[in-house]
>>> print(open('data.cif').read())   # mmCIF, C-alpha atoms, pLDDT in the B column; chains and numbers go by the auth columns
data_target
loop_
_atom_site.group_PDB
_atom_site.id
_atom_site.type_symbol
_atom_site.label_atom_id
_atom_site.label_comp_id
_atom_site.label_asym_id
_atom_site.label_seq_id
_atom_site.Cartn_x
_atom_site.Cartn_y
_atom_site.Cartn_z
_atom_site.B_iso_or_equiv
_atom_site.auth_seq_id
_atom_site.auth_asym_id
ATOM 1 C CA MET A 1 -12.393 -16.421 -8.872 47.00 1 A
ATOM 2 C CA ALA A 2 -15.752 -14.780 -9.588 43.00 2 A
ATOM 3 C CA ARG A 3 -16.446 -12.908 -12.783 43.00 3 A
ATOM 4 C CA ARG A 4 -16.767 -9.160 -12.817 45.00 4 A
ATOM 5 C CA GLY A 5 -20.139 -7.830 -11.713 46.00 5 A
ATOM 6 C CA ARG A 6 -21.346 -10.958 -9.866 52.00 6 A
ATOM 7 C CA ARG A 7 -22.083 -10.950 -6.154 58.00 7 A
ATOM 8 C CA VAL A 8 -19.911 -13.623 -4.615 62.00 8 A
ATOM 9 C CA ARG A 9 -20.358 -16.029 -1.733 78.00 9 A
ATOM 10 C CA LEU A 10 -17.122 -15.952 0.207 90.00 10 A
ATOM 11 C CA ARG A 11 -15.170 -19.079 0.982 92.00 11 A
ATOM 12 C CA ARG A 12 -11.911 -19.677 2.805 96.00 12 A
ATOM 13 C CA LEU A 13 -8.940 -19.319 0.484 97.00 13 A
ATOM 14 C CA PRO A 14 -6.649 -22.381 0.474 96.00 14 A
ATOM 15 C CA HIS A 15 -3.485 -20.291 0.821 95.00 15 A
ATOM 16 C CA VAL A 16 -3.015 -16.890 2.474 97.00 16 A
ATOM 17 C CA VAL A 17 0.209 -14.910 2.260 96.00 17 A
ATOM 18 C CA MET A 18 1.281 -13.579 5.653 96.00 18 A
ATOM 19 C CA PRO A 19 1.445 -9.762 5.745 96.00 19 A
ATOM 20 C CA LEU A 20 4.894 -8.324 6.373 96.00 20 A
ATOM 21 C CA PRO A 21 5.646 -5.783 9.129 92.00 21 A
ATOM 22 C CA ASP A 22 4.925 -2.241 7.860 92.00 22 A
ATOM 23 C CA GLU A 23 3.302 -3.586 4.678 95.00 23 A
ATOM 24 C CA PRO A 24 0.432 -1.503 3.253 93.00 24 A
ATOM 25 C CA PHE A 25 -2.832 -3.265 2.545 96.00 25 A
ATOM 26 C CA ASP A 26 -2.756 -2.629 -1.210 94.00 26 A
ATOM 27 C CA SER A 27 0.703 -4.231 -1.461 95.00 27 A
ATOM 28 C CA TRP A 28 -0.589 -7.351 0.299 97.00 28 A
ATOM 29 C CA VAL A 29 -3.635 -7.612 -1.991 97.00 29 A
ATOM 30 C CA GLU A 30 -1.376 -7.266 -5.040 96.00 30 A
ATOM 31 C CA PHE A 31 1.016 -9.943 -3.762 98.00 31 A
ATOM 32 C CA MET A 32 -1.918 -12.265 -3.043 98.00 32 A
ATOM 33 C CA ALA A 33 -3.200 -11.722 -6.580 98.00 33 A
ATOM 34 C CA HIS A 34 0.246 -12.411 -8.036 98.00 34 A
ATOM 35 C CA ASP A 35 0.536 -15.593 -5.937 97.00 35 A
ATOM 36 C CA TYR A 36 -2.766 -16.884 -7.343 98.00 36 A
ATOM 37 C CA GLY A 37 -2.132 -15.663 -10.899 97.00 37 A
ATOM 38 C CA ALA A 38 -5.250 -13.502 -10.573 97.00 38 A
ATOM 39 C CA THR A 39 -6.030 -9.900 -11.412 96.00 39 A
ATOM 40 C CA VAL A 40 -6.333 -7.429 -8.554 95.00 40 A
ATOM 41 C CA GLY A 41 -10.084 -7.281 -9.164 95.00 41 A
ATOM 42 C CA GLU A 42 -10.465 -11.059 -9.019 96.00 42 A
ATOM 43 C CA MET A 43 -8.523 -11.237 -5.765 96.00 43 A
ATOM 44 C CA ALA A 44 -10.461 -8.314 -4.283 96.00 44 A
ATOM 45 C CA ARG A 45 -13.724 -10.146 -4.988 95.00 45 A
ATOM 46 C CA ALA A 46 -12.404 -13.362 -3.443 96.00 46 A
ATOM 47 C CA LEU A 47 -11.479 -11.362 -0.324 97.00 47 A
ATOM 48 C CA GLY A 48 -14.871 -9.633 -0.174 96.00 48 A
ATOM 49 C CA LEU A 49 -13.489 -6.137 -0.726 96.00 49 A
ATOM 50 C CA ILE A 50 -15.680 -5.372 -3.749 94.00 50 A
ATOM 51 C CA ASP A 51 -18.803 -6.764 -5.413 89.00 51 A
ATOM 52 C CA SER A 52 -19.930 -8.661 -2.312 83.00 52 A
ATOM 53 C CA ASP A 53 -22.967 -8.050 -0.105 81.00 53 A
ATOM 54 C CA GLY A 54 -22.601 -4.829 1.885 83.00 54 A
ATOM 55 C CA VAL A 55 -19.456 -3.563 0.133 90.00 55 A
ATOM 56 C CA PRO A 56 -18.945 -1.224 -2.847 85.00 56 A
ATOM 57 C CA SER A 57 -18.910 -2.344 -6.456 88.00 57 A
ATOM 58 C CA ALA A 58 -15.620 -2.404 -8.335 85.00 58 A
ATOM 59 C CA ALA A 59 -14.341 0.945 -9.576 82.00 59 A
ATOM 60 C CA PRO A 60 -11.025 2.262 -10.964 77.00 60 A
ATOM 61 C CA GLN A 61 -10.230 3.824 -7.567 80.00 61 A
ATOM 62 C CA SER A 62 -11.254 0.811 -5.472 85.00 62 A
ATOM 63 C CA GLY A 63 -7.680 -0.008 -4.496 86.00 63 A
ATOM 64 C CA ARG A 64 -7.041 3.539 -3.307 82.00 64 A
ATOM 65 C CA ALA A 65 -10.202 3.432 -1.192 85.00 65 A
ATOM 66 C CA TRP A 66 -9.563 0.158 0.635 89.00 66 A
ATOM 67 C CA SER A 67 -5.864 0.912 1.157 88.00 67 A
ATOM 68 C CA THR A 68 -6.888 4.158 2.898 86.00 68 A
ATOM 69 C CA ALA A 69 -9.558 2.669 5.195 88.00 69 A
ATOM 70 C CA LEU A 70 -11.566 -0.544 5.449 94.00 70 A
ATOM 71 C CA GLU A 71 -15.276 -0.738 6.240 93.00 71 A
ATOM 72 C CA PRO A 72 -16.531 -3.121 8.974 95.00 72 A
ATOM 73 C CA GLN A 73 -18.101 -5.431 6.392 95.00 73 A
ATOM 74 C CA GLN A 74 -14.835 -5.595 4.444 96.00 74 A
ATOM 75 C CA LEU A 75 -12.971 -6.511 7.631 97.00 75 A
ATOM 76 C CA HIS A 76 -15.515 -9.246 8.371 96.00 76 A
ATOM 77 C CA ASN A 77 -15.203 -10.575 4.828 96.00 77 A
ATOM 78 C CA LEU A 78 -11.419 -10.669 5.131 97.00 78 A
ATOM 79 C CA GLU A 79 -11.715 -12.746 8.286 97.00 79 A
ATOM 80 C CA VAL A 80 -14.020 -15.199 6.502 96.00 80 A
ATOM 81 C CA ALA A 81 -11.798 -15.462 3.416 97.00 81 A
ATOM 82 C CA THR A 82 -8.420 -15.661 5.169 97.00 82 A
ATOM 83 C CA GLY A 83 -8.992 -16.837 8.737 96.00 83 A
ATOM 84 C CA ARG A 84 -6.924 -13.924 10.061 96.00 84 A
ATOM 85 C CA ARG A 85 -8.192 -11.198 12.404 96.00 85 A
ATOM 86 C CA GLY A 86 -9.700 -8.132 10.762 96.00 86 A
ATOM 87 C CA GLU A 87 -7.730 -5.815 13.044 96.00 87 A
ATOM 88 C CA GLU A 88 -4.535 -7.079 11.436 96.00 88 A
ATOM 89 C CA TYR A 89 -5.748 -5.745 8.100 97.00 89 A
ATOM 90 C CA ARG A 90 -7.060 -2.504 9.588 95.00 90 A
ATOM 91 C CA ALA A 91 -3.537 -1.815 10.900 94.00 91 A
ATOM 92 C CA MET A 92 -2.260 -2.011 7.316 94.00 92 A
ATOM 93 C CA THR A 93 -4.369 0.932 6.124 92.00 93 A
ATOM 94 C CA ARG A 94 -3.083 4.493 5.814 87.00 94 A
ATOM 95 C CA THR A 95 -5.627 6.034 8.159 86.00 95 A
ATOM 96 C CA THR A 96 -4.752 3.606 10.962 88.00 96 A
ATOM 97 C CA PHE A 97 -0.999 3.874 10.458 85.00 97 A
ATOM 98 C CA ALA A 98 -1.133 7.683 10.501 81.00 98 A
ATOM 99 C CA ALA A 99 -4.137 8.042 12.816 80.00 99 A
ATOM 100 C CA SER A 100 -2.519 10.937 14.697 76.00 100 A
ATOM 101 C CA ALA A 101 -2.164 12.878 11.454 73.00 101 A
ATOM 102 C CA ILE A 102 -5.797 12.461 10.356 74.00 102 A
ATOM 103 C CA ARG A 103 -7.865 15.592 9.839 74.00 103 A
ATOM 104 C CA LEU A 104 -11.521 15.469 8.866 70.00 104 A
ATOM 105 C CA THR A 105 -13.667 17.989 7.017 74.00 105 A
ATOM 106 C CA PRO A 106 -16.912 19.282 8.620 76.00 106 A
ATOM 107 C CA GLN A 107 -18.702 16.691 6.450 68.00 107 A
ATOM 108 C CA GLY A 108 -16.682 13.870 8.044 63.00 108 A
ATOM 109 C CA ARG A 109 -14.468 13.148 5.039 67.00 109 A
ATOM 110 C CA ILE A 110 -10.683 12.943 5.207 70.00 110 A
ATOM 111 C CA SER A 111 -9.227 16.353 4.485 70.00 111 A
ATOM 112 C CA ALA A 112 -7.081 16.660 1.374 65.00 112 A
ATOM 113 C CA SER A 113 -4.679 18.827 3.401 68.00 113 A
ATOM 114 C CA CYS A 114 -3.572 15.958 5.681 68.00 114 A
ATOM 115 C CA PRO A 115 -1.132 13.199 4.663 64.00 115 A
ATOM 116 C CA SER A 116 -3.349 10.259 5.602 63.00 116 A
ATOM 117 C CA THR A 117 -4.156 9.247 2.038 60.00 117 A
ATOM 118 C CA GLY A 118 -0.459 8.998 1.271 59.00 118 A
ATOM 119 C CA VAL A 119 1.591 10.125 -1.683 58.00 119 A
ATOM 120 C CA ALA A 120 2.571 8.344 -4.854 69.00 120 A
ATOM 121 C CA ALA A 121 5.220 6.442 -2.844 80.00 121 A
ATOM 122 C CA ARG A 122 8.944 6.658 -2.541 91.00 122 A
ATOM 123 C CA TYR A 123 10.782 3.357 -2.208 95.00 123 A
ATOM 124 C CA CYS A 124 14.004 1.549 -1.355 96.00 124 A
ATOM 125 C CA PRO A 125 15.150 -0.778 -4.185 96.00 125 A
ATOM 126 C CA GLU A 126 17.031 -3.034 -1.746 95.00 126 A
ATOM 127 C CA CYS A 127 13.931 -3.496 0.415 96.00 127 A
ATOM 128 C CA LEU A 128 11.867 -4.380 -2.662 96.00 128 A
ATOM 129 C CA ALA A 129 14.513 -6.936 -3.669 96.00 129 A
ATOM 130 C CA ASP A 130 14.598 -8.439 -0.159 96.00 130 A
ATOM 131 C CA SER A 131 10.802 -8.735 0.117 96.00 131 A
ATOM 132 C CA GLY A 132 10.016 -9.942 -3.382 96.00 132 A
ATOM 133 C CA GLY A 133 8.551 -6.587 -4.410 96.00 133 A
ATOM 134 C CA ARG A 134 6.372 -5.820 -1.366 97.00 134 A
ATOM 135 C CA TRP A 135 5.978 -2.219 -0.226 95.00 135 A
ATOM 136 C CA ARG A 136 6.090 -0.410 3.123 94.00 136 A
ATOM 137 C CA LEU A 137 3.446 1.834 4.644 90.00 137 A
ATOM 138 C CA SER A 138 6.018 4.344 5.817 89.00 138 A
ATOM 139 C CA TRP A 139 7.085 4.969 2.207 91.00 139 A
ATOM 140 C CA GLN A 140 3.628 6.168 1.189 86.00 140 A
ATOM 141 C CA PHE A 141 3.602 9.453 3.106 86.00 141 A
ATOM 142 C CA PRO A 142 5.421 12.782 2.728 84.00 142 A
ATOM 143 C CA PHE A 143 7.177 12.105 6.045 87.00 143 A
ATOM 144 C CA GLY A 144 8.890 8.947 4.716 90.00 144 A
ATOM 145 C CA PHE A 145 12.224 9.802 3.088 94.00 145 A
ATOM 146 C CA ALA A 146 14.966 7.428 4.323 96.00 146 A
ATOM 147 C CA CYS A 147 15.479 3.674 4.636 96.00 147 A
ATOM 148 C CA LEU A 148 16.846 3.023 8.117 95.00 148 A
ATOM 149 C CA ARG A 149 17.874 -0.533 7.255 95.00 149 A
ATOM 150 C CA HIS A 150 19.926 0.232 4.162 95.00 150 A
ATOM 151 C CA LYS A 151 20.956 3.762 5.207 96.00 151 A
ATOM 152 C CA ARG A 152 19.863 5.385 1.985 96.00 152 A
ATOM 153 C CA LEU A 153 17.429 8.029 0.855 96.00 153 A
ATOM 154 C CA LEU A 154 14.285 6.642 -0.710 96.00 154 A
ATOM 155 C CA VAL A 155 13.892 6.899 -4.482 95.00 155 A
ATOM 156 C CA ASP A 156 11.226 9.311 -5.743 91.00 156 A
ATOM 157 C CA ALA A 157 10.622 8.108 -9.296 92.00 157 A
ATOM 158 C CA CYS A 158 10.715 5.071 -11.547 93.00 158 A
ATOM 159 C CA PRO A 159 14.065 5.044 -13.424 91.00 159 A
ATOM 160 C CA THR A 160 12.344 4.193 -16.702 91.00 160 A
ATOM 161 C CA CYS A 161 9.147 6.274 -16.925 91.00 161 A
ATOM 162 C CA GLY A 162 10.299 9.001 -14.509 91.00 162 A
ATOM 163 C CA GLN A 163 6.945 9.032 -12.683 90.00 163 A
ATOM 164 C CA PRO A 164 6.307 8.345 -8.994 90.00 164 A
ATOM 165 C CA PRO A 165 6.127 4.531 -8.900 88.00 165 A
ATOM 166 C CA ARG A 166 2.589 4.286 -7.512 86.00 166 A
ATOM 167 C CA LEU A 167 1.133 7.370 -9.121 81.00 167 A
ATOM 168 C CA ILE A 168 -2.090 5.423 -9.610 82.00 168 A
ATOM 169 C CA GLY A 169 -3.550 2.404 -7.861 85.00 169 A
ATOM 170 C CA HIS A 170 -2.784 -0.910 -9.499 90.00 170 A
ATOM 171 C CA PRO A 171 -5.265 -1.526 -12.361 91.00 171 A
ATOM 172 C CA ILE A 172 -7.833 -4.035 -11.132 92.00 172 A
ATOM 173 C CA THR A 173 -7.954 -5.784 -14.523 92.00 173 A
ATOM 174 C CA LEU A 174 -4.268 -6.751 -14.553 94.00 174 A
ATOM 175 C CA VAL A 175 -2.252 -9.464 -12.787 96.00 175 A
ATOM 176 C CA PRO A 176 0.384 -7.725 -10.636 96.00 176 A
ATOM 177 C CA GLU A 177 4.137 -8.100 -11.033 96.00 177 A
ATOM 178 C CA PRO A 178 5.472 -7.203 -7.566 96.00 178 A
ATOM 179 C CA GLY A 179 8.374 -4.796 -7.597 95.00 179 A
ATOM 180 C CA HIS A 180 7.628 -3.595 -11.134 96.00 180 A
ATOM 181 C CA CYS A 181 6.211 -0.216 -12.138 94.00 181 A
ATOM 182 C CA HIS A 182 2.513 -0.361 -13.021 92.00 182 A
ATOM 183 C CA ASN A 183 2.254 3.204 -14.364 91.00 183 A
ATOM 184 C CA ARG A 184 1.214 3.863 -17.921 88.00 184 A
ATOM 185 C CA PRO A 185 4.292 4.376 -20.134 87.00 185 A
ATOM 186 C CA THR A 186 5.196 8.001 -20.833 80.00 186 A
ATOM 187 C CA THR A 187 5.876 7.116 -24.473 76.00 187 A
ATOM 188 C CA GLU A 188 3.083 6.312 -26.875 72.00 188 A
ATOM 189 C CA ALA A 189 1.866 2.768 -26.216 64.00 189 A
ATOM 190 C CA PRO A 190 -0.120 0.601 -28.662 66.00 190 A
ATOM 191 C CA ALA A 191 -2.513 -0.852 -26.073 75.00 191 A
ATOM 192 C CA ILE A 192 -4.425 0.695 -23.199 73.00 192 A
ATOM 193 C CA ARG A 193 -3.294 -2.163 -20.941 76.00 193 A
ATOM 194 C CA SER A 194 0.371 -1.369 -21.543 87.00 194 A
ATOM 195 C CA ARG A 195 2.425 -0.642 -18.431 90.00 195 A
ATOM 196 C CA CYS A 196 5.913 0.699 -17.811 92.00 196 A
ATOM 197 C CA GLY A 197 7.004 -2.598 -16.227 93.00 197 A
ATOM 198 C CA ALA A 198 10.399 -1.375 -15.007 94.00 198 A
ATOM 199 C CA ASN A 199 12.070 -3.452 -12.294 96.00 199 A
ATOM 200 C CA LEU A 200 12.060 -1.086 -9.318 95.00 200 A
ATOM 201 C CA ALA A 201 14.128 -3.525 -7.254 93.00 201 A
ATOM 202 C CA ALA A 202 17.128 -3.045 -9.522 89.00 202 A
ATOM 203 C CA THR A 203 19.685 -1.188 -7.424 72.00 203 A
ATOM 204 C CA GLY A 204 20.398 2.237 -8.840 73.00 204 A
ATOM 205 C CA GLU A 205 22.668 4.970 -7.581 79.00 205 A
ATOM 206 C CA LEU A 206 22.792 4.960 -3.786 84.00 206 A
ATOM 207 C CA VAL A 207 22.220 8.285 -2.053 93.00 207 A
ATOM 208 C CA PHE A 208 23.551 7.747 1.453 95.00 208 A
ATOM 209 C CA ALA A 209 21.467 8.906 4.420 96.00 209 A
ATOM 210 C CA ASP A 210 23.781 10.142 7.155 96.00 210 A
ATOM 211 C CA ASN A 211 23.205 9.724 10.901 97.00 211 A
ATOM 212 C CA ALA A 212 21.385 13.040 11.290 96.00 212 A
ATOM 213 C CA THR A 213 19.007 12.195 8.436 96.00 213 A
ATOM 214 C CA ARG A 214 18.237 8.763 9.841 96.00 214 A
ATOM 215 C CA GLU A 215 17.651 10.152 13.323 95.00 215 A
ATOM 216 C CA ALA A 216 15.252 12.714 11.869 94.00 216 A
ATOM 217 C CA GLN A 217 13.376 9.924 10.112 94.00 217 A
ATOM 218 C CA ARG A 218 13.149 7.874 13.325 93.00 218 A
ATOM 219 C CA ALA A 219 11.871 10.880 15.258 91.00 219 A
ATOM 220 C CA ILE A 220 9.208 11.709 12.680 89.00 220 A
ATOM 221 C CA LEU A 221 7.922 8.127 12.512 89.00 221 A
ATOM 222 C CA LYS A 222 7.770 8.017 16.315 88.00 222 A
ATOM 223 C CA VAL A 223 5.718 11.225 16.408 86.00 223 A
ATOM 224 C CA VAL A 224 3.314 9.903 13.773 82.00 224 A
ATOM 225 C CA ALA A 225 2.905 6.604 15.633 77.00 225 A
ATOM 226 C CA SER A 226 2.363 8.132 19.075 75.00 226 A
ATOM 227 C CA GLY A 227 0.820 11.519 18.280 72.00 227 A
ATOM 228 C CA VAL A 228 3.301 13.172 20.635 74.00 228 A
ATOM 229 C CA GLY A 229 6.597 14.865 19.832 66.00 229 A
ATOM 230 C CA GLU A 230 9.139 15.708 22.502 69.00 230 A
ATOM 231 C CA PHE A 231 11.753 18.092 21.180 63.00 231 A
ATOM 232 C CA GLY A 232 14.041 20.289 23.226 56.00 232 A
ATOM 233 C CA MET A 233 12.121 22.245 25.853 50.00 233 A
ATOM 234 C CA ASN A 234 8.669 21.825 24.331 53.00 234 A
ATOM 235 C CA MET A 235 6.205 18.980 23.911 49.00 235 A
ATOM 236 C CA MET A 236 4.020 18.891 20.808 50.00 236 A
ATOM 237 C CA VAL A 237 0.771 16.937 20.528 49.00 237 A
ATOM 238 C CA ILE A 238 -0.576 16.434 17.006 51.00 238 A
#
>>> encode(input="data.cif", output="structure tokens")
Amino acid sequence: MARRGRRVRLRRLPHVVMPLPDEPFDSWVEFMAHDYGATVGEMARALGLIDSDGVPSAAPQSGRAWSTALEPQQLHNLEVATGRRGEEYRAMTRTTFAASAIRLTPQGRISASCPSTGVAARYCPECLADSGGRWRLSWQFPFGFACLRHKRLLVDACPTCGQPPRLIGHPITLVPEPGHCHNRPTTEAPAIRSRCGANLAATGELVFADNATREAQRAILKVVASGVGEFGMNMMVI
């Protein structure tokens, strides 16, 4: 991996983790970093997301930026580094997943009043356990509230620190631990690199999602995916 601040010449990575269905791009980058024993920043440089020709330099909010949308040069770099099509990665970003819900400001920026940049993420502990700690795109928006597979409501907060589990993007200077909380501890910590570290895949109290709740979740996800809602006598286009 390249050192911080150096422009890197991309090369094909020897091993590439296959993205999961409904996996957000930041989750995949974190799992790749974990697989290589690298920090998020080191993996992002190896993938050409930061500190490479034609892409932004590393910054604390880099992960939030590339998980929201990917620039053409970043997509090209991903193809070079992984051998997989750039469109596969574009589909893992929040703005592509929720394209029908995107609203832009007159200046062309994503409006803060639309849900495209996601929320701090709810989650299903059973899904995290099944996937080895990998997240789902549909959890990262206000309209995601139930797990259809495990028939439970999603969890809003880390059981240890009490904060939304992805309140901040994963620190680029740390090696990820998938399925563990990377928030700063709420109690006084001796080191700035200290993290909560709670195992979010540990099954807590199950709040059952009944049939009506699950059907509402299915309907909302269908509307977001298609941009069209058909309810009762009226048709809604978003």
>>> closest_residue(input="data.cif", among="A:Ile172, A:Ile102, A:Ala33, A:Cys196", to="Ala46 in chain A", atoms="only C-alpha atoms")
A:Ala33
>>> closest_residue(input="data.cif", among="A:Ala91, A:Leu75, A:Leu154, A:Ile50", to="Asp22 in chain A", atoms="only C-alpha atoms")
A:Ala91
>>> closest_residue(input="data.cif", among="A:Leu153, A:Phe97, A:His182, A:Ala216", to="Glu126 in chain A", atoms="only C-alpha atoms")
A:Leu153
>>> residues_near_point(input="data.cif", point="(17.6, -1.5, 2.5)", cutoff="9 Å", atoms="all atoms listed in the file", output="JSON, numbers by chain")
{"A": [124, 125, 126, 127, 128, 129, 130, 147, 148, 149, 150, 151, 152]}
>>> resolve_selection(input="data.cif", expression="the PyMOL selection byres ((chain A and resi 87) around 12)", output="list in words")
Phe25, Ala69, Leu70, Glu71, Pro72, Gln74, Leu75, His76, Leu78, Glu79, Gly83, Arg84, Arg85, Gly86, Glu88, Tyr89, Arg90, Ala91, Met92, Thr93 and Thr96 of chain A
>>> closest_residue(input="data.cif", among="A:Val155, A:Val228, A:Leu167, A:Gly144", to="Phe208 in chain A", atoms="all atoms listed in the file")
A:Val155
>>> closest_residue(input="data.cif", among="A:Thr95, A:Gln217, A:Gln73, A:Ser194", to="Val55 in chain A", atoms="only C-alpha atoms")
A:Gln73
>>> resolve_selection(input="data.cif", expression="the PyMOL selection byres ((chain A and resi 132) around 12)", output="ChimeraX atom specification")
/A:20,27-28,30-31,34-35,125-131,133-135,177-180,199-202
>>> atom_distance(input="data.cif", atom1="CA of Asp53 in chain A", atom2="CA of Arg12 in chain A")
16.3 Å
>>> resolve_selection(input="data.cif", expression="the PyMOL selection byres ((chain A and resi 60-65) around 9)", output="JSON list (two decimals) with C-alpha atoms, in the frame of the given file")
[["chain", "number", "residue", "atom", "x", "y", "z"],
["A", 26, "ASP", "CA", -2.76, -2.63, -1.21],
["A", 29, "VAL", "CA", -3.64, -7.61, -1.99],
["A", 40, "VAL", "CA", -6.33, -7.43, -8.55],
["A", 41, "GLY", "CA", -10.08, -7.28, -9.16],
["A", 44, "ALA", "CA", -10.46, -8.31, -4.28],
["A", 49, "LEU", "CA", -13.49, -6.14, -0.73],
["A", 50, "ILE", "CA", -15.68, -5.37, -3.75],
["A", 56, "PRO", "CA", -18.94, -1.22, -2.85],
["A", 57, "SER", "CA", -18.91, -2.34, -6.46],
["A", 58, "ALA", "CA", -15.62, -2.40, -8.34],
["A", 59, "ALA", "CA", -14.34, 0.94, -9.58],
["A", 66, "TRP", "CA", -9.56, 0.16, 0.64],
["A", 67, "SER", "CA", -5.86, 0.91, 1.16],
["A", 68, "THR", "CA", -6.89, 4.16, 2.90],
["A", 69, "ALA", "CA", -9.56, 2.67, 5.20],
["A", 70, "LEU", "CA", -11.57, -0.54, 5.45],
["A", 117, "THR", "CA", -4.16, 9.25, 2.04],
["A", 168, "ILE", "CA", -2.09, 5.42, -9.61],
["A", 169, "GLY", "CA", -3.55, 2.40, -7.86],
["A", 170, "HIS", "CA", -2.78, -0.91, -9.50],
["A", 171, "PRO", "CA", -5.26, -1.53, -12.36],
["A", 172, "ILE", "CA", -7.83, -4.04, -11.13]]
>>> closest_residue(input="data.cif", among="A:Pro185, A:Pro176, A:Pro24, A:Pro19", to="Phe141 in chain A", atoms="all atoms listed in the file")
A:Pro24
>>> atom_distance(input="data.cif", atom1="CA of Asp51 in chain A", atom2="CA of Val80 in chain A")
15.4 Å
